[in-house]
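Asker: Dropping in start03.cif, which is mmCIF, N, CA and C atoms:
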```cif
data_structure
loop_
_atom_site.label_atom_id
_atom_site.label_comp_id
_atom_site.auth_asym_id
_atom_site.auth_seq_id
_atom_site.Cartn_x
_atom_site.Cartn_y
_atom_site.Cartn_z
N MET A 1 180.76 82.11 114.94
CA MET A 1 181.51 82.82 113.91
C MET A 1 182.98 82.44 114.00
N GLU A 2 183.54 82.02 112.89
CA GLU A 2 184.94 81.61 112.87
C GLU A 2 185.80 82.81 112.49
N ILE A 3 186.42 83.43 113.49
CA ILE A 3 187.21 84.64 113.27
C ILE A 3 188.63 84.30 112.84
N ASN A 4 189.14 83.16 113.24
CA ASN A 4 190.55 82.83 113.00
C ASN A 4 190.81 82.18 111.65
N LYS A 5 189.87 82.23 110.74
CA LYS A 5 190.09 81.67 109.41
C LYS A 5 191.11 82.54 108.69
N ILE A 6 192.11 81.94 108.12
CA ILE A 6 193.21 82.66 107.48
C ILE A 6 192.95 82.80 105.98
N MET A 7 193.28 83.97 105.46
CA MET A 7 193.21 84.20 104.02
C MET A 7 194.59 84.67 103.58
N GLU A 8 195.12 84.02 102.59
CA GLU A 8 196.40 84.46 102.05
C GLU A 8 196.16 85.36 100.86
N ILE A 9 196.93 86.42 100.80
CA ILE A 9 196.88 87.36 99.69
C ILE A 9 198.28 87.45 99.11
N THR A 10 198.40 87.32 97.80
CA THR A 10 199.70 87.35 97.16
C THR A 10 199.90 88.68 96.46
N LEU A 11 201.05 89.28 96.69
CA LEU A 11 201.43 90.51 96.02
C LEU A 11 202.67 90.24 95.18
N THR A 12 202.78 90.93 94.07
CA THR A 12 203.92 90.76 93.19
C THR A 12 204.62 92.11 93.02
N ILE A 13 205.94 92.09 93.23
CA ILE A 13 206.73 93.29 92.99
C ILE A 13 207.95 92.90 92.16
N GLU A 14 208.49 93.88 91.48
CA GLU A 14 209.68 93.67 90.67
C GLU A 14 210.91 93.54 91.57
N ALA A 15 211.94 92.92 91.08
CA ALA A 15 213.18 92.73 91.84
C ALA A 15 213.76 94.07 92.29
N GLU A 16 213.74 95.06 91.41
CA GLU A 16 214.28 96.38 91.76
C GLU A 16 213.42 97.06 92.82
N GLU A 17 212.11 96.83 92.79
CA GLU A 17 211.22 97.38 93.82
C GLU A 17 211.53 96.73 95.17
N LYS A 18 211.77 95.42 95.15
CA LYS A 18 212.14 94.71 96.38
C LYS A 18 213.45 95.25 96.94
N LYS A 19 214.39 95.50 96.05
CA LYS A 19 215.69 96.04 96.46
C LYS A 19 215.51 97.37 97.19
N VAL A 20 214.65 98.24 96.64
CA VAL A 20 214.41 99.55 97.25
C VAL A 20 213.74 99.37 98.62
N LEU A 21 212.73 98.51 98.69
CA LEU A 21 212.05 98.29 99.98
C LEU A 21 212.98 97.66 101.00
N ASP A 22 213.79 96.69 100.57
CA ASP A 22 214.76 96.07 101.50
C ASP A 22 215.72 97.11 102.06
N SER A 23 216.14 98.06 101.21
CA SER A 23 217.07 99.08 101.70
C SER A 23 216.40 100.03 102.69
N TRP A 24 215.12 100.23 102.55
CA TRP A 24 214.37 101.14 103.41
C TRP A 24 213.91 100.44 104.69
N LEU A 25 213.38 99.22 104.56
CA LEU A 25 212.79 98.51 105.70
C LEU A 25 213.78 97.59 106.41
N GLY A 26 214.77 97.13 105.69
CA GLY A 26 215.68 96.10 106.18
C GLY A 26 215.41 94.81 105.40
N THR A 27 216.43 94.03 105.22
CA THR A 27 216.30 92.80 104.44
C THR A 27 215.25 91.88 105.04
N ASP A 28 214.39 91.37 104.17
CA ASP A 28 213.33 90.43 104.54
C ASP A 28 212.35 90.98 105.57
N LYS A 29 212.07 92.27 105.53
CA LYS A 29 211.09 92.89 106.45
C LYS A 29 209.82 93.33 105.73
N ILE A 30 209.73 93.07 104.42
CA ILE A 30 208.56 93.53 103.65
C ILE A 30 207.28 92.88 104.16
N GLN A 31 207.29 91.59 104.36
CA GLN A 31 206.09 90.87 104.83
C GLN A 31 205.62 91.44 106.17
N GLU A 32 206.54 91.62 107.10
CA GLU A 32 206.20 92.17 108.41
C GLU A 32 205.60 93.57 108.29
N TRP A 33 206.20 94.41 107.45
CA TRP A 33 205.72 95.77 107.25
C TRP A 33 204.33 95.77 106.62
N LEU A 34 204.13 94.95 105.61
CA LEU A 34 202.82 94.87 104.96
C LEU A 34 201.76 94.36 105.93
N GLN A 35 202.10 93.37 106.74
CA GLN A 35 201.14 92.84 107.71
C GLN A 35 200.73 93.91 108.70
N HIS A 36 201.71 94.67 109.18
CA HIS A 36 201.43 95.75 110.12
C HIS A 36 200.53 96.81 109.48
N ALA A 37 200.83 97.19 108.25
CA ALA A 37 200.02 98.18 107.54
C ALA A 37 198.59 97.69 107.34
N LEU A 38 198.45 96.43 106.96
CA LEU A 38 197.13 95.85 106.75
C LEU A 38 196.36 95.74 108.07
N ASP A 39 197.03 95.30 109.13
CA ASP A 39 196.39 95.21 110.44
C ASP A 39 195.86 96.58 110.89
N ASN A 40 196.65 97.63 110.67
CA ASN A 40 196.21 98.98 111.03
C ASN A 40 195.00 99.41 110.22
N LYS A 41 195.00 99.15 108.93
CA LYS A 41 193.86 99.53 108.08
C LYS A 41 192.62 98.75 108.49
N ILE A 42 192.76 97.47 108.78
CA ILE A 42 191.63 96.66 109.23
C ILE A 42 191.06 97.23 110.52
N GLN A 43 191.91 97.56 111.46
CA GLN A 43 191.46 98.13 112.74
C GLN A 43 190.68 99.42 112.51
N GLN A 44 191.18 100.28 111.64
CA GLN A 44 190.49 101.54 111.33
C GLN A 44 189.11 101.29 110.74
N ARG A 45 189.04 100.37 109.78
CA ARG A 45 187.77 100.10 109.10
C ARG A 45 186.78 99.38 110.02
N VAL A 46 187.28 98.46 110.85
CA VAL A 46 186.39 97.78 111.79
C VAL A 46 185.80 98.81 112.76
N ASP A 47 186.64 99.68 113.30
CA ASP A 47 186.16 100.71 114.22
C ASP A 47 185.13 101.61 113.53
N ALA A 48 185.42 102.05 112.31
CA ALA A 48 184.49 102.91 111.58
C ALA A 48 183.17 102.17 111.32
N SER A 49 183.25 100.90 110.98
CA SER A 49 182.04 100.12 110.71
C SER A 49 181.21 99.93 111.97
N VAL A 50 181.87 99.75 113.10
CA VAL A 50 181.14 99.62 114.38
C VAL A 50 180.39 100.92 114.65
N ILE A 51 181.06 102.05 114.48
CA ILE A 51 180.42 103.34 114.71
C ILE A 51 179.25 103.54 113.76
N GLU A 52 179.48 103.32 112.47
CA GLU A 52 178.46 103.56 111.45
C GLU A 52 177.28 102.61 111.55
N SER A 53 177.53 101.37 111.90
CA SER A 53 176.49 100.34 111.85
C SER A 53 175.80 100.08 113.19
N THR A 54 176.46 100.43 114.28
CA THR A 54 175.88 100.08 115.59
C THR A 54 175.75 101.28 116.52
N ASN A 55 176.36 102.40 116.16
CA ASN A 55 176.39 103.59 117.03
C ASN A 55 177.01 103.29 118.39
N ARG A 56 177.90 102.33 118.44
CA ARG A 56 178.60 102.00 119.68
C ARG A 56 180.03 102.50 119.60
N ASN A 57 180.65 102.65 120.78
CA ASN A 57 182.02 103.13 120.87
C ASN A 57 182.98 101.95 120.71
N PRO A 58 183.72 101.87 119.60
CA PRO A 58 184.60 100.72 119.37
C PRO A 58 185.73 100.61 120.40
N LYS A 59 186.07 101.70 121.07
CA LYS A 59 187.16 101.65 122.04
C LYS A 59 186.80 100.81 123.26
N LYS A 60 185.53 100.50 123.42
CA LYS A 60 185.08 99.71 124.57
C LYS A 60 185.08 98.21 124.31
N PHE A 61 185.48 97.80 123.08
CA PHE A 61 185.39 96.40 122.69
C PHE A 61 186.72 95.87 122.16
N SER A 62 186.95 94.59 122.35
CA SER A 62 188.11 93.94 121.73
C SER A 62 187.80 93.72 120.25
N LEU A 63 188.81 93.39 119.47
CA LEU A 63 188.59 93.12 118.04
C LEU A 63 187.58 91.99 117.86
N THR A 64 187.69 90.94 118.64
CA THR A 64 186.76 89.82 118.54
C THR A 64 185.33 90.28 118.81
N GLU A 65 185.15 91.10 119.83
CA GLU A 65 183.82 91.62 120.16
C GLU A 65 183.29 92.52 119.04
N LYS A 66 184.16 93.33 118.46
CA LYS A 66 183.74 94.21 117.36
C LYS A 66 183.28 93.38 116.17
N LEU A 67 184.05 92.35 115.84
CA LEU A 67 183.69 91.51 114.70
C LEU A 67 182.38 90.77 114.97
N THR A 68 182.16 90.39 116.21
CA THR A 68 180.89 89.75 116.58
C THR A 68 179.74 90.74 116.42
N LEU A 69 179.95 92.00 116.83
CA LEU A 69 178.92 93.02 116.64
C LEU A 69 178.56 93.19 115.17
N LEU A 70 179.54 93.02 114.30
CA LEU A 70 179.34 93.24 112.86
C LEU A 70 178.91 92.00 112.10
N LYS A 71 178.87 90.85 112.77
CA LYS A 71 178.68 89.59 112.04
C LYS A 71 177.38 89.53 111.25
N ASP A 72 176.30 90.11 111.75
CA ASP A 72 175.02 90.07 111.04
C ASP A 72 174.70 91.38 110.32
N VAL A 73 175.66 92.28 110.28
CA VAL A 73 175.46 93.58 109.64
C VAL A 73 175.85 93.47 108.16
N THR A 74 175.02 94.00 107.30
CA THR A 74 175.37 94.08 105.89
C THR A 74 176.10 95.40 105.68
N LEU A 75 177.39 95.29 105.45
CA LEU A 75 178.21 96.49 105.28
C LEU A 75 178.04 97.02 103.87
N PRO A 76 178.03 98.34 103.72
CA PRO A 76 177.86 98.91 102.38
C PRO A 76 179.09 98.63 101.50
N SER A 77 178.84 98.46 100.23
CA SER A 77 179.95 98.26 99.29
C SER A 77 180.64 99.59 99.04
N LYS A 78 181.81 99.52 98.47
CA LYS A 78 182.55 100.73 98.11
C LYS A 78 181.72 101.58 97.16
N GLU A 79 181.07 100.93 96.21
CA GLU A 79 180.27 101.65 95.22
C GLU A 79 179.10 102.38 95.88
N SER A 80 178.42 101.74 96.82
CA SER A 80 177.29 102.42 97.46
C SER A 80 177.75 103.55 98.37
N ARG A 81 178.91 103.38 99.01
CA ARG A 81 179.45 104.48 99.83
C ARG A 81 179.83 105.65 98.95
N ASN A 82 180.43 105.38 97.79
CA ASN A 82 180.84 106.45 96.87
C ASN A 82 179.65 107.18 96.25
N SER A 83 178.52 106.48 96.08
CA SER A 83 177.36 107.13 95.46
C SER A 83 176.71 108.13 96.40
N ILE A 84 176.99 108.02 97.71
CA ILE A 84 176.44 108.94 98.69
C ILE A 84 177.18 110.27 98.64
N ILE A 85 178.45 110.21 98.28
CA ILE A 85 179.30 111.42 98.28
C ILE A 85 178.90 112.37 97.19
#
```
Would you mind writing the file out in structure tokens?
Answerer:
Amino acid sequence: MEINKIMEITLTIEAEEKKVLDSWLGTDKIQEWLQHALDNKIQQRVDASVIESTNRNPKKFSLTEKLTLLKDVTLPSKESRNSII
């Protein structure tokens, strides 16, 4: 399993929105802040998926090990998760 494959995601914001974020985060810190936010969300979802799909404790595994545990698991789509609610 190739875990280190990179995916680029492009976001677009208006100049005035950038100005507001720069004043709040510091100049040229938006990318760093977004990466940190995304990394945290990924960690949360990977941990939840490990619990839901394997009944294992994610705190006992590294991220690489967790992703390996999930590699052959078919994760539910957003739509199927929402239909359960």
Asker: What's the separation between atom N of Lys18 (chain A) and atom N of Gln35 (chain A), in Å to one decimal place?
Answerer: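 Computing it gives 15.2 Å between the two atoms.
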Asker: What would the selection look like, as a ChimeraX atom specification, if the PyMOL selection byres (((chain A and resi 68-73 and name CA) around 12) and name CA) were run on the coordinates I just shared?
Answerer: /A:1-3,45-58,61-67,74-76
Asker: What is the CA of Val20 (chain A)-atom C of Gln44 (chain A) distance in Å, reported with one decimal?
Answerer: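 Interatomic distance here is 28.7 Å.
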Asker: What parts of chain A does DSSP call alpha helix (DSSP H)? I'd like the answer as number ranges by chain.
Answerer: A: 15-25, 30-54, 63-70, 78-84
Asker: Take the residues from that selection and write them out as a compact mmCIF listing (two decimals), in the coordinates of the input, keeping N, CA and C atoms.
Answerer:
```
# COMPACT_ATOMS: atom_id res chain seq x y z
N ALA A 15 211.94 92.92 91.08
CA ALA A 15 213.18 92.73 91.84
C ALA A 15 213.76 94.07 92.29
N GLU A 16 213.74 95.06 91.41
CA GLU A 16 214.28 96.38 91.76
C GLU A 16 213.42 97.06 92.82
N GLU A 17 212.11 96.83 92.79
CA GLU A 17 211.22 97.38 93.82
C GLU A 17 211.53 96.73 95.17
N LYS A 18 211.77 95.42 95.15
CA LYS A 18 212.14 94.71 96.38
C LYS A 18 213.45 95.25 96.94
N LYS A 19 214.39 95.50 96.05
CA LYS A 19 215.69 96.04 96.46
C LYS A 19 215.51 97.37 97.19
N VAL A 20 214.65 98.24 96.64
CA VAL A 20 214.41 99.55 97.25
C VAL A 20 213.74 99.37 98.62
N LEU A 21 212.73 98.51 98.69
CA LEU A 21 212.05 98.29 99.98
C LEU A 21 212.98 97.66 101.00
N ASP A 22 213.79 96.69 100.57
CA ASP A 22 214.76 96.07 101.50
C ASP A 22 215.72 97.11 102.06
N SER A 23 216.14 98.06 101.21
CA SER A 23 217.07 99.08 101.70
C SER A 23 216.40 100.03 102.69
N TRP A 24 215.12 100.23 102.55
CA TRP A 24 214.37 101.14 103.41
C TRP A 24 213.91 100.44 104.69
N LEU A 25 213.38 99.22 104.56
CA LEU A 25 212.79 98.51 105.70
C LEU A 25 213.78 97.59 106.41
N ILE A 30 209.73 93.07 104.42
CA ILE A 30 208.56 93.53 103.65
C ILE A 30 207.28 92.88 104.16
N GLN A 31 207.29 91.59 104.36
CA GLN A 31 206.09 90.87 104.83
C GLN A 31 205.62 91.44 106.17
N GLU A 32 206.54 91.62 107.10
CA GLU A 32 206.20 92.17 108.41
C GLU A 32 205.60 93.57 108.29
N TRP A 33 206.20 94.41 107.45
CA TRP A 33 205.72 95.77 107.25
C TRP A 33 204.33 95.77 106.62
N LEU A 34 204.13 94.95 105.61
CA LEU A 34 202.82 94.87 104.96
C LEU A 34 201.76 94.36 105.93
N GLN A 35 202.10 93.37 106.74
CA GLN A 35 201.14 92.84 107.71
C GLN A 35 200.73 93.91 108.70
N HIS A 36 201.71 94.67 109.18
CA HIS A 36 201.43 95.75 110.12
C HIS A 36 200.53 96.81 109.48
N ALA A 37 200.83 97.19 108.25
CA ALA A 37 200.02 98.18 107.54
C ALA A 37 198.59 97.69 107.34
N LEU A 38 198.45 96.43 106.96
CA LEU A 38 197.13 95.85 106.75
C LEU A 38 196.36 95.74 108.07
N ASP A 39 197.03 95.30 109.13
CA ASP A 39 196.39 95.21 110.44
C ASP A 39 195.86 96.58 110.89
N ASN A 40 196.65 97.63 110.67
CA ASN A 40 196.21 98.98 111.03
C ASN A 40 195.00 99.41 110.22
N LYS A 41 195.00 99.15 108.93
CA LYS A 41 193.86 99.53 108.08
C LYS A 41 192.62 98.75 108.49
N ILE A 42 192.76 97.47 108.78
CA ILE A 42 191.63 96.66 109.23
C ILE A 42 191.06 97.23 110.52
N GLN A 43 191.91 97.56 111.46
CA GLN A 43 191.46 98.13 112.74
C GLN A 43 190.68 99.42 112.51
N GLN A 44 191.18 100.28 111.64
CA GLN A 44 190.49 101.54 111.33
C GLN A 44 189.11 101.29 110.74
N ARG A 45 189.04 100.37 109.78
CA ARG A 45 187.77 100.10 109.10
C ARG A 45 186.78 99.38 110.02
N VAL A 46 187.28 98.46 110.85
CA VAL A 46 186.39 97.78 111.79
C VAL A 46 185.80 98.81 112.76
N ASP A 47 186.64 99.68 113.30
CA ASP A 47 186.16 100.71 114.22
C ASP A 47 185.13 101.61 113.53
N ALA A 48 185.42 102.05 112.31
CA ALA A 48 184.49 102.91 111.58
C ALA A 48 183.17 102.17 111.32
N SER A 49 183.25 100.90 110.98
CA SER A 49 182.04 100.12 110.71
C SER A 49 181.21 99.93 111.97
N VAL A 50 181.87 99.75 113.10
CA VAL A 50 181.14 99.62 114.38
C VAL A 50 180.39 100.92 114.65
N ILE A 51 181.06 102.05 114.48
CA ILE A 51 180.42 103.34 114.71
C ILE A 51 179.25 103.54 113.76
N GLU A 52 179.48 103.32 112.47
CA GLU A 52 178.46 103.56 111.45
C GLU A 52 177.28 102.61 111.55
N SER A 53 177.53 101.37 111.90
CA SER A 53 176.49 100.34 111.85
C SER A 53 175.80 100.08 113.19
N THR A 54 176.46 100.43 114.28
CA THR A 54 175.88 100.08 115.59
C THR A 54 175.75 101.28 116.52
N LEU A 63 188.81 93.39 119.47
CA LEU A 63 188.59 93.12 118.04
C LEU A 63 187.58 91.99 117.86
N THR A 64 187.69 90.94 118.64
CA THR A 64 186.76 89.82 118.54
C THR A 64 185.33 90.28 118.81
N GLU A 65 185.15 91.10 119.83
CA GLU A 65 183.82 91.62 120.16
C GLU A 65 183.29 92.52 119.04
N LYS A 66 184.16 93.33 118.46
CA LYS A 66 183.74 94.21 117.36
C LYS A 66 183.28 93.38 116.17
N LEU A 67 184.05 92.35 115.84
CA LEU A 67 183.69 91.51 114.70
C LEU A 67 182.38 90.77 114.97
N THR A 68 182.16 90.39 116.21
CA THR A 68 180.89 89.75 116.58
C THR A 68 179.74 90.74 116.42
N LEU A 69 179.95 92.00 116.83
CA LEU A 69 178.92 93.02 116.64
C LEU A 69 178.56 93.19 115.17
N LEU A 70 179.54 93.02 114.30
CA LEU A 70 179.34 93.24 112.86
C LEU A 70 178.91 92.00 112.10
N LYS A 78 181.81 99.52 98.47
CA LYS A 78 182.55 100.73 98.11
C LYS A 78 181.72 101.58 97.16
N GLU A 79 181.07 100.93 96.21
CA GLU A 79 180.27 101.65 95.22
C GLU A 79 179.10 102.38 95.88
N SER A 80 178.42 101.74 96.82
CA SER A 80 177.29 102.42 97.46
C SER A 80 177.75 103.55 98.37
N ARG A 81 178.91 103.38 99.01
CA ARG A 81 179.45 104.48 99.83
C ARG A 81 179.83 105.65 98.95
N ASN A 82 180.43 105.38 97.79
CA ASN A 82 180.84 106.45 96.87
C ASN A 82 179.65 107.18 96.25
N SER A 83 178.52 106.48 96.08
CA SER A 83 177.36 107.13 95.46
C SER A 83 176.71 108.13 96.40
N ILE A 84 176.99 108.02 97.71
CA ILE A 84 176.44 108.94 98.69
C ILE A 84 177.18 110.27 98.64
```
Asker: Calculate how many Å separate atom N of Leu38 (chain A) from atom C of Lys59 (chain A), rounding to one decimal.
Answerer: 20.5 Å
